[in-house]
Amino acid sequence: GIPWVKEWVVGGVKDLPLHLEEPMLALLSGRVISVTLPTSYTVCHSPLVEDLSSRELGEKTTVLVLGDAQASALTKDAHTRAQALRLVLRDEMLQGLEPGQQLAATVMVTARDLPLLPSLEAILVHPPTPLRPPSSLPPVFRRLVEDRASSPWSLVKTLAYMFAASVTPAGTFHTFKLALLLSLASCSSNKAGLAVLGVGSNTTLLLRLLWYSARYAPHAVTHSSLNAVTAACTKDPDGIVWVQGGSLLLAHGGVCVLGDFSKFKKESRQSVCRVLESGVVQVECATRLRQHTPTLKYPLRAAAWACYDPAHTRTSTTNTNPLDNFLHVPLGDLTKSITDVFGLVVYAETPAGECESEAEEVITLHTLLEATTQYSPPKPLLPPDQLTQYLCMVRGLQVEFSVCAEKLIRGYYVATRRLRGDCVQGSSVPVTAIHTLTQVAASHARLALRSTVEGWDAVAAVLLCEEALAAHSGYSLLQIQPTPHLPLHTDLHTLVGRKNDERMVNFQRTLEEFIETHTGDIPTVT
């Protein structure tokens, strides 16, 4: 390839030369948003007359690439529309090509008759640039790590307490903020990240937290009802079939903010659930295109975020919504399948409502002060630039599971599957729960800057999942009370200090006894 000189980079249509006398080399880097089906072409190596014995068949495809400088067009804060560039790829360049992936190539720019723009054809596709995390911790996080070195849980708990304090006060929506941080730590371009679903009636604040947290993802896409959520096939006037990447595919290596999932159409919700359950995005084709289009599937490589209002479908004239026997709140159309496919489900409300009323008072006061004060807003507890560097470092950690962590995760999964089920409806714990527990424990270890997933991380993962089960079913097998908000009039020593460590140690002891009691007859578990 040629050196990445700024003057040679084509970032958009405005960088293409309109009057080009001869072909020129350029550099193109961006995100693939749409691809055509591969077509065959013939290459003859005979210089004068075509010799059939010298004929070779190859494949080529055309892709639409959105330049890096215009990547903000995929986010919620975008106020302008961007025009993608057409790029032709041939033969081995098609291997592993997926909508949504990052593509960097050396291209040949060839002039065409006006008003057509010059054509771009790749002559070399560059390998992905490896992740290079910062070599040292940012100052704020270095002090936090040193101060919380004596506790295996305090650092992550403190980060969740300080995170997004400018959106909602510190301590409010604590569990939801913790889930978002864990999901940010799990982002990878090789596999799907941790999916998060926030359940509550105050979807306004839940959405604000989702949008704010997406800023710290390696790449973020905010879904719009104008776009497909998975992928779709279309045919242009020239008869070429295009595969357009939906929001889940375009969020490749990052986060897809789906928004308020309770307002999705039934077909869209089912489509998202199938993708999250299988980890595969299947391209949806119109009936007239199915016979000419092969079945196309792409792996999911993004973390899906959404919020859900259980009482969204409640009407004043009918009372057909099912009521939970324990929570006594209308569940609307929040079916078990939706809560099963999302990895981490966080309920922002409790049956009594005492925790929510206290949090609402603090949030209301925080909002009024921001609206009426004439002074500049206070600096965030976690500086955004330093938080971005820290998360980049966290995502670069390769972790391995210890024997203790594997034993706790496997034992809890088997025990809860046994006790939370019956012969008619089956277990209320989905089969995918063990994958969720593994992801949460690994992300917790990364946030704590550990290269080994210890039993402490497994205990934190079990606690989060047990809180979700307790909030949904109304009871906990481990005597856990869901706490979506931290007590706001309690000192930090109790919330994230030594007293919190004592609670976690007691919970770990209870968990070990629970596993021994209900899985002691299975040698492979104990």
# chains A, B, ... in the order shown; residues from 1 in each chain; ligands from 1
>>> residues_around(residues="Val496 (chain A)", least_positions_apart="3", cutoff="7 Å", atoms="only C-alpha atoms", output="PyMOL selection string")
chain A and resi 154+157-158+492-493+500
>>> write_last_selection(atoms="all heavy atoms", output="PDB file, in the first residue's frame")
ATOM      1  N   SER A 154     -14.847  -2.999  45.179  1.00  0.00           N
ATOM      2  CA  SER A 154     -15.059  -1.566  45.385  1.00  0.00           C
ATOM      3  C   SER A 154     -14.804  -0.741  44.134  1.00  0.00           C
ATOM      4  O   SER A 154     -15.529   0.229  43.872  1.00  0.00           O
ATOM      5  CB  SER A 154     -14.179  -1.066  46.529  1.00  0.00           C
ATOM      6  OG  SER A 154     -14.424   0.307  46.773  1.00  0.00           O
ATOM      7  N   LYS A 157     -17.756  -0.995  41.713  1.00  0.00           N
ATOM      8  CA  LYS A 157     -18.918  -0.366  42.358  1.00  0.00           C
ATOM      9  C   LYS A 157     -18.776   1.152  42.343  1.00  0.00           C
ATOM     10  O   LYS A 157     -19.756   1.884  42.093  1.00  0.00           O
ATOM     11  CB  LYS A 157     -19.017  -0.864  43.799  1.00  0.00           C
ATOM     12  CG  LYS A 157     -20.306  -0.500  44.508  1.00  0.00           C
ATOM     13  CD  LYS A 157     -21.304  -1.614  44.447  1.00  0.00           C
ATOM     14  CE  LYS A 157     -22.525  -1.321  45.313  1.00  0.00           C
ATOM     15  NZ  LYS A 157     -23.534  -2.385  45.223  1.00  0.00           N
ATOM     16  N   THR A 158     -17.575   1.651  42.566  1.00  0.00           N
ATOM     17  CA  THR A 158     -17.339   3.096  42.561  1.00  0.00           C
ATOM     18  C   THR A 158     -17.500   3.679  41.165  1.00  0.00           C
ATOM     19  O   THR A 158     -18.060   4.765  40.991  1.00  0.00           O
ATOM     20  CB  THR A 158     -15.947   3.408  43.112  1.00  0.00           C
ATOM     21  OG1 THR A 158     -15.806   2.845  44.418  1.00  0.00           O
ATOM     22  CG2 THR A 158     -15.714   4.902  43.192  1.00  0.00           C
ATOM     23  N   LEU A 492     -20.620   6.764  51.819  1.00  0.00           N
ATOM     24  CA  LEU A 492     -19.952   5.949  50.811  1.00  0.00           C
ATOM     25  C   LEU A 492     -19.269   4.733  51.422  1.00  0.00           C
ATOM     26  O   LEU A 492     -19.081   3.717  50.742  1.00  0.00           O
ATOM     27  CB  LEU A 492     -18.916   6.794  50.053  1.00  0.00           C
ATOM     28  CG  LEU A 492     -19.477   7.876  49.124  1.00  0.00           C
ATOM     29  CD1 LEU A 492     -18.340   8.652  48.480  1.00  0.00           C
ATOM     30  CD2 LEU A 492     -20.361   7.256  48.057  1.00  0.00           C
ATOM     31  N   HIS A 493     -18.881   4.817  52.696  1.00  0.00           N
ATOM     32  CA  HIS A 493     -18.257   3.673  53.355  1.00  0.00           C
ATOM     33  C   HIS A 493     -19.192   2.473  53.350  1.00  0.00           C
ATOM     34  O   HIS A 493     -18.768   1.326  53.181  1.00  0.00           O
ATOM     35  CB  HIS A 493     -17.870   4.053  54.786  1.00  0.00           C
ATOM     36  CG  HIS A 493     -17.239   2.931  55.547  1.00  0.00           C
ATOM     37  ND1 HIS A 493     -15.965   2.477  55.281  1.00  0.00           N
ATOM     38  CD2 HIS A 493     -17.722   2.157  56.561  1.00  0.00           C
ATOM     39  CE1 HIS A 493     -15.679   1.475  56.115  1.00  0.00           C
ATOM     40  NE2 HIS A 493     -16.717   1.266  56.894  1.00  0.00           N
ATOM     41  N   ASN A 500     -19.757  -2.853  52.341  1.00  0.00           N
ATOM     42  CA  ASN A 500     -20.192  -3.509  51.104  1.00  0.00           C
ATOM     43  C   ASN A 500     -19.410  -4.800  50.882  1.00  0.00           C
ATOM     44  O   ASN A 500     -19.977  -5.815  50.438  1.00  0.00           O
ATOM     45  CB  ASN A 500     -19.996  -2.570  49.917  1.00  0.00           C
ATOM     46  CG  ASN A 500     -20.359  -3.224  48.601  1.00  0.00           C
ATOM     47  OD1 ASN A 500     -21.512  -3.514  48.318  1.00  0.00           O
ATOM     48  ND2 ASN A 500     -19.349  -3.483  47.770  1.00  0.00           N
TER      49      ASN A 500
END
>>> select_by_dssp(residues="region 124-228 of chain A", states="strand (DSSP E)", output="list in words")
Leu124, Val125, Val196, Leu197, Gly198, Val199, Ala220, Val221 and Thr222 of chain A
>>> closest_atom_pairs(of="region 205-244 of chain A", to="region 254-263 of chain A", cutoff="6 Å", atoms="only C-alpha atoms", output="CSV")
residue,atom,partner,partner_atom,distance
A:Ala217,CA,A:Gly254,CA,5.8
A:Pro218,CA,A:Gly254,CA,5.3
A:His219,CA,A:Gly254,CA,4.4
A:Ala220,CA,A:Val255,CA,4.8
A:Val221,CA,A:Cys256,CA,4.9
A:Thr222,CA,A:Val257,CA,4.8
A:His223,CA,A:Leu258,CA,5.1
>>> write_last_selection(atoms="C-alpha atoms", output="CSV table (one decimal), in the first residue's frame")
chain,number,residue,atom,x,y,z
A,217,ALA,CA,-18.5,2.7,22.9
A,218,PRO,CA,-15.9,2.1,20.1
A,219,HIS,CA,-18.7,2.6,17.6
A,220,ALA,CA,-22.4,3.4,18.2
A,221,VAL,CA,-25.5,3.3,16.1
A,222,THR,CA,-28.9,4.7,17.2
A,223,HIS,CA,-31.7,2.9,15.6
>>> residues_around(residues="Arg274 (chain A)", least_positions_apart="3", cutoff="12 Å", atoms="only C-alpha atoms", output="ChimeraX atom specification")
/A:229-230,267-271,277-282,300,337-338,340-342
>>> write_last_selection(atoms="all heavy atoms", output="compact mmCIF listing (two decimals), in the first residue's frame")
# COMPACT_ATOMS: atom_id res chain seq x y z
N VAL A 229 -33.91 -2.85 11.08
CA VAL A 229 -33.24 -3.17 12.33
C VAL A 229 -32.22 -4.30 12.14
O VAL A 229 -31.23 -4.37 12.85
CB VAL A 229 -34.27 -3.54 13.42
CG1 VAL A 229 -34.96 -4.85 13.08
CG2 VAL A 229 -33.62 -3.61 14.78
N THR A 230 -32.43 -5.17 11.16
CA THR A 230 -31.49 -6.27 10.91
C THR A 230 -30.78 -6.03 9.58
O THR A 230 -29.68 -5.52 9.53
CB THR A 230 -32.22 -7.61 10.91
OG1 THR A 230 -33.33 -7.57 9.98
CG2 THR A 230 -32.76 -7.93 12.29
N GLU A 267 -43.58 -7.54 14.62
CA GLU A 267 -42.66 -8.22 13.70
C GLU A 267 -41.21 -7.79 13.97
O GLU A 267 -40.29 -8.63 13.93
CB GLU A 267 -43.02 -7.91 12.24
CG GLU A 267 -44.37 -8.45 11.80
CD GLU A 267 -45.52 -7.61 12.31
OE1 GLU A 267 -45.26 -6.50 12.84
OE2 GLU A 267 -46.68 -8.05 12.19
N SER A 268 -41.00 -6.52 14.26
CA SER A 268 -39.64 -6.04 14.53
C SER A 268 -39.11 -6.62 15.84
O SER A 268 -37.93 -7.00 15.93
CB SER A 268 -39.63 -4.51 14.59
OG SER A 268 -40.01 -3.95 13.34
N ARG A 269 -39.97 -6.70 16.86
CA ARG A 269 -39.54 -7.29 18.12
C ARG A 269 -39.16 -8.75 17.94
O ARG A 269 -38.13 -9.21 18.46
CB ARG A 269 -40.65 -7.16 19.17
CG ARG A 269 -40.81 -5.78 19.76
CD ARG A 269 -41.47 -5.84 21.12
NE ARG A 269 -42.79 -6.42 21.05
CZ ARG A 269 -43.92 -5.73 20.93
NH1 ARG A 269 -43.85 -4.41 20.84
NH2 ARG A 269 -45.08 -6.33 20.90
N GLN A 270 -39.96 -9.48 17.19
CA GLN A 270 -39.65 -10.89 16.94
C GLN A 270 -38.35 -11.04 16.17
O GLN A 270 -37.55 -11.95 16.45
CB GLN A 270 -40.80 -11.55 16.19
CG GLN A 270 -42.08 -11.68 17.01
CD GLN A 270 -43.24 -12.23 16.19
OE1 GLN A 270 -43.18 -12.26 14.97
NE2 GLN A 270 -44.29 -12.67 16.87
N SER A 271 -38.12 -10.15 15.22
CA SER A 271 -36.89 -10.21 14.44
C SER A 271 -35.67 -9.97 15.32
O SER A 271 -34.66 -10.68 15.22
CB SER A 271 -36.95 -9.18 13.30
OG SER A 271 -35.76 -9.19 12.55
N GLU A 277 -31.11 -14.24 20.08
CA GLU A 277 -31.11 -15.63 20.55
C GLU A 277 -30.12 -16.49 19.78
O GLU A 277 -29.42 -17.31 20.35
CB GLU A 277 -32.52 -16.22 20.43
CG GLU A 277 -32.66 -17.60 21.04
CD GLU A 277 -34.08 -18.10 21.00
OE1 GLU A 277 -34.90 -17.54 20.24
OE2 GLU A 277 -34.39 -19.05 21.74
N SER A 278 -30.05 -16.29 18.46
CA SER A 278 -29.18 -17.12 17.62
C SER A 278 -27.80 -16.52 17.41
O SER A 278 -26.86 -17.24 17.07
CB SER A 278 -29.85 -17.35 16.27
OG SER A 278 -30.01 -16.12 15.56
N GLY A 279 -27.68 -15.20 17.58
CA GLY A 279 -26.41 -14.56 17.30
C GLY A 279 -26.13 -14.40 15.83
O GLY A 279 -24.98 -14.14 15.44
N VAL A 280 -27.16 -14.56 14.99
CA VAL A 280 -27.01 -14.49 13.54
C VAL A 280 -28.07 -13.55 12.98
O VAL A 280 -29.25 -13.62 13.37
CB VAL A 280 -27.15 -15.88 12.90
CG1 VAL A 280 -27.09 -15.78 11.38
CG2 VAL A 280 -26.05 -16.81 13.40
N VAL A 281 -27.67 -12.67 12.07
CA VAL A 281 -28.59 -11.76 11.39
C VAL A 281 -28.89 -12.34 10.01
O VAL A 281 -28.00 -12.51 9.19
CB VAL A 281 -27.98 -10.35 11.25
CG1 VAL A 281 -28.95 -9.42 10.53
CG2 VAL A 281 -27.61 -9.78 12.61
N GLN A 282 -30.16 -12.66 9.79
CA GLN A 282 -30.57 -13.18 8.49
C GLN A 282 -31.19 -12.05 7.67
O GLN A 282 -32.03 -11.30 8.16
CB GLN A 282 -31.58 -14.31 8.65
CG GLN A 282 -32.00 -14.94 7.33
CD GLN A 282 -32.79 -16.23 7.51
OE1 GLN A 282 -32.78 -16.80 8.59
NE2 GLN A 282 -33.44 -16.69 6.46
N LEU A 300 -23.75 -11.66 14.40
CA LEU A 300 -23.96 -10.43 15.16
C LEU A 300 -22.68 -10.09 15.90
O LEU A 300 -22.14 -10.91 16.65
CB LEU A 300 -25.12 -10.61 16.15
CG LEU A 300 -25.42 -9.44 17.08
CD1 LEU A 300 -25.90 -8.23 16.28
CD2 LEU A 300 -26.46 -9.82 18.13
N SER A 337 -40.05 -14.38 26.44
CA SER A 337 -39.03 -14.52 25.40
C SER A 337 -38.16 -13.27 25.28
O SER A 337 -36.96 -13.36 25.03
CB SER A 337 -39.70 -14.82 24.06
OG SER A 337 -40.56 -13.76 23.68
N ILE A 338 -38.75 -12.08 25.48
CA ILE A 338 -37.97 -10.85 25.37
C ILE A 338 -36.94 -10.77 26.49
O ILE A 338 -35.78 -10.43 26.27
CB ILE A 338 -38.91 -9.62 25.39
CG1 ILE A 338 -39.81 -9.62 24.16
CG2 ILE A 338 -38.11 -8.34 25.47
CD1 ILE A 338 -40.79 -8.49 24.13
N ASP A 340 -35.67 -13.22 28.04
CA ASP A 340 -34.72 -14.32 27.91
C ASP A 340 -33.59 -13.99 26.95
O ASP A 340 -32.43 -14.35 27.19
CB ASP A 340 -35.43 -15.59 27.43
CG ASP A 340 -36.22 -16.26 28.55
OD1 ASP A 340 -36.13 -15.77 29.69
OD2 ASP A 340 -36.94 -17.23 28.28
N VAL A 341 -33.91 -13.34 25.83
CA VAL A 341 -32.89 -13.14 24.79
C VAL A 341 -31.94 -12.01 25.14
O VAL A 341 -30.79 -12.01 24.69
CB VAL A 341 -33.55 -12.89 23.42
CG1 VAL A 341 -34.33 -14.10 22.98
CG2 VAL A 341 -34.44 -11.66 23.44
N PHE A 342 -32.40 -11.00 25.90
CA PHE A 342 -31.49 -9.95 26.33
C PHE A 342 -30.62 -10.51 27.46
O PHE A 342 -31.12 -11.11 28.41
CB PHE A 342 -32.26 -8.72 26.81
CG PHE A 342 -32.65 -7.79 25.69
CD1 PHE A 342 -33.85 -7.96 25.04
CD2 PHE A 342 -31.81 -6.78 25.30
CE1 PHE A 342 -34.22 -7.11 24.01
CE2 PHE A 342 -32.16 -5.92 24.27
CZ PHE A 342 -33.38 -6.09 23.62
>>> residues_around(residues="region 450-462 of chain A", least_positions_apart="5", cutoff="7 Å", atoms="only C-alpha atoms", output="JSON, numbers by chain")
{"A": [152, 397, 398, 399, 400, 401, 402, 404, 405, 408, 409, 437, 440, 441, 442, 444, 445, 508]}
>>> closest_residue(among="A:Ala415, A:Ala170, A:Val88, A:Leu27", to="Asp15 (chain A)", atoms="only C-alpha atoms")
A:Leu27
>>> select_by_dssp(residues="region 331-516 of chain A", states="helix (DSSP H, G or I)", output="ChimeraX atom specification")
/A:336-341,354-372,384-395,403-419,433-447,455-473,492-496,498-516
>>> residues_around(residues="region 16-23 of chain A", least_positions_apart="2", cutoff="12 Å", atoms="only C-alpha atoms", output="number ranges by chain")
A: 7-14, 25-28, 85-86, 107-121
>>> atom_distance(atom1="CA of Ser189 (chain A)", atom2="CA of Arg301 (chain A)")
5.9 Å
>>> atom_distance(atom1="CA of Arg31 (chain A)", atom2="CA of Ser224 (chain A)")
18.2 Å
>>> atom_distance(atom1="CA of Ala303 (chain A)", atom2="CA of Leu194 (chain A)")
5.4 Å
>>> residues_around(residues="Gly396 (chain A)", least_positions_apart="4", cutoff="9 Å", atoms="only C-alpha atoms", output="list in words")
Leu131, Arg132, Pro133, Leu391, Cys392 and Arg446 of chain A
>>> closest_residue(among="A:Met504, A:Glu512, A:Phe163, A:Tyr390", to="Ser135 (chain A)", atoms="only C-alpha atoms")
A:Tyr390
>>> residues_around(residues="Glu98 (chain A)", least_positions_apart="2", cutoff="12 Å", atoms="only C-alpha atoms", output="PyMOL selection string")
chain A and resi 31-37+61+63-65+93-96+100-103+189+231+243-246+249-253+281+283+296-301
>>> closest_residue(among="A:Ile522, A:Cys307, A:Val505, A:Leu477", to="Asn202 (chain A)", atoms="only C-alpha atoms")
A:Cys307
>>> closest_residue(among="A:Pro237, A:Pro380, A:Gly411, A:Pro169", to="Leu511 (chain A)", atoms="only C-alpha atoms")
A:Gly411
>>> decode(residues="region 20-36 of chain A", atoms="N, CA, C and O atoms", output="compact mmCIF listing (two decimals), in the first residue's frame")
# COMPACT_ATOMS: atom_id res chain seq x y z
N LEU A 20 -10.42 14.73 -14.00
CA LEU A 20 -9.29 13.84 -13.81
C LEU A 20 -8.81 13.37 -15.19
O LEU A 20 -9.56 12.75 -15.95
N GLU A 21 -7.58 13.67 -15.52
CA GLU A 21 -7.05 13.31 -16.85
C GLU A 21 -6.58 11.87 -16.90
O GLU A 21 -6.69 11.20 -17.93
N GLU A 22 -6.03 11.35 -15.83
CA GLU A 22 -5.54 9.98 -15.80
C GLU A 22 -5.82 9.38 -14.44
O GLU A 22 -5.99 10.11 -13.45
N PRO A 23 -5.87 8.03 -14.33
CA PRO A 23 -6.17 7.39 -13.04
C PRO A 23 -5.15 7.79 -11.98
O PRO A 23 -3.98 8.07 -12.27
N MET A 24 -5.61 7.78 -10.74
CA MET A 24 -4.75 8.14 -9.62
C MET A 24 -5.04 7.21 -8.45
O MET A 24 -6.11 6.62 -8.33
N LEU A 25 -4.05 7.06 -7.57
CA LEU A 25 -4.20 6.26 -6.37
C LEU A 25 -4.69 7.14 -5.23
O LEU A 25 -4.35 8.33 -5.14
N ALA A 26 -5.50 6.53 -4.37
CA ALA A 26 -6.01 7.24 -3.20
C ALA A 26 -6.22 6.23 -2.08
O ALA A 26 -6.10 5.02 -2.27
N LEU A 27 -6.53 6.75 -0.92
CA LEU A 27 -6.78 5.92 0.26
C LEU A 27 -8.21 6.14 0.73
O LEU A 27 -8.71 7.27 0.72
N LEU A 28 -8.86 5.06 1.12
CA LEU A 28 -10.25 5.13 1.57
C LEU A 28 -10.41 4.31 2.83
O LEU A 28 -9.99 3.15 2.88
N SER A 29 -11.00 4.90 3.85
CA SER A 29 -11.26 4.21 5.10
C SER A 29 -12.66 4.59 5.58
O SER A 29 -12.99 5.77 5.64
N GLY A 30 -13.45 3.60 5.88
CA GLY A 30 -14.80 3.87 6.33
C GLY A 30 -15.53 2.60 6.70
O GLY A 30 -14.92 1.53 6.86
N ARG A 31 -16.85 2.71 6.84
CA ARG A 31 -17.69 1.59 7.26
C ARG A 31 -18.59 1.17 6.11
O ARG A 31 -19.22 2.00 5.48
N VAL A 32 -18.62 -0.14 5.85
CA VAL A 32 -19.45 -0.69 4.79
C VAL A 32 -20.90 -0.67 5.25
O VAL A 32 -21.25 -1.28 6.27
N ILE A 33 -21.77 0.02 4.51
CA ILE A 33 -23.17 0.10 4.90
C ILE A 33 -24.08 -0.72 3.98
O ILE A 33 -25.22 -1.00 4.34
N SER A 34 -23.58 -1.08 2.80
CA SER A 34 -24.40 -1.85 1.87
C SER A 34 -23.49 -2.56 0.87
O SER A 34 -22.43 -2.03 0.51
N VAL A 35 -23.91 -3.76 0.44
CA VAL A 35 -23.12 -4.53 -0.52
C VAL A 35 -24.06 -5.11 -1.57
O VAL A 35 -25.24 -5.33 -1.31
N THR A 36 -23.53 -5.37 -2.76
CA THR A 36 -24.30 -6.05 -3.79
C THR A 36 -23.97 -7.54 -3.75
O THR A 36 -22.95 -7.97 -3.19
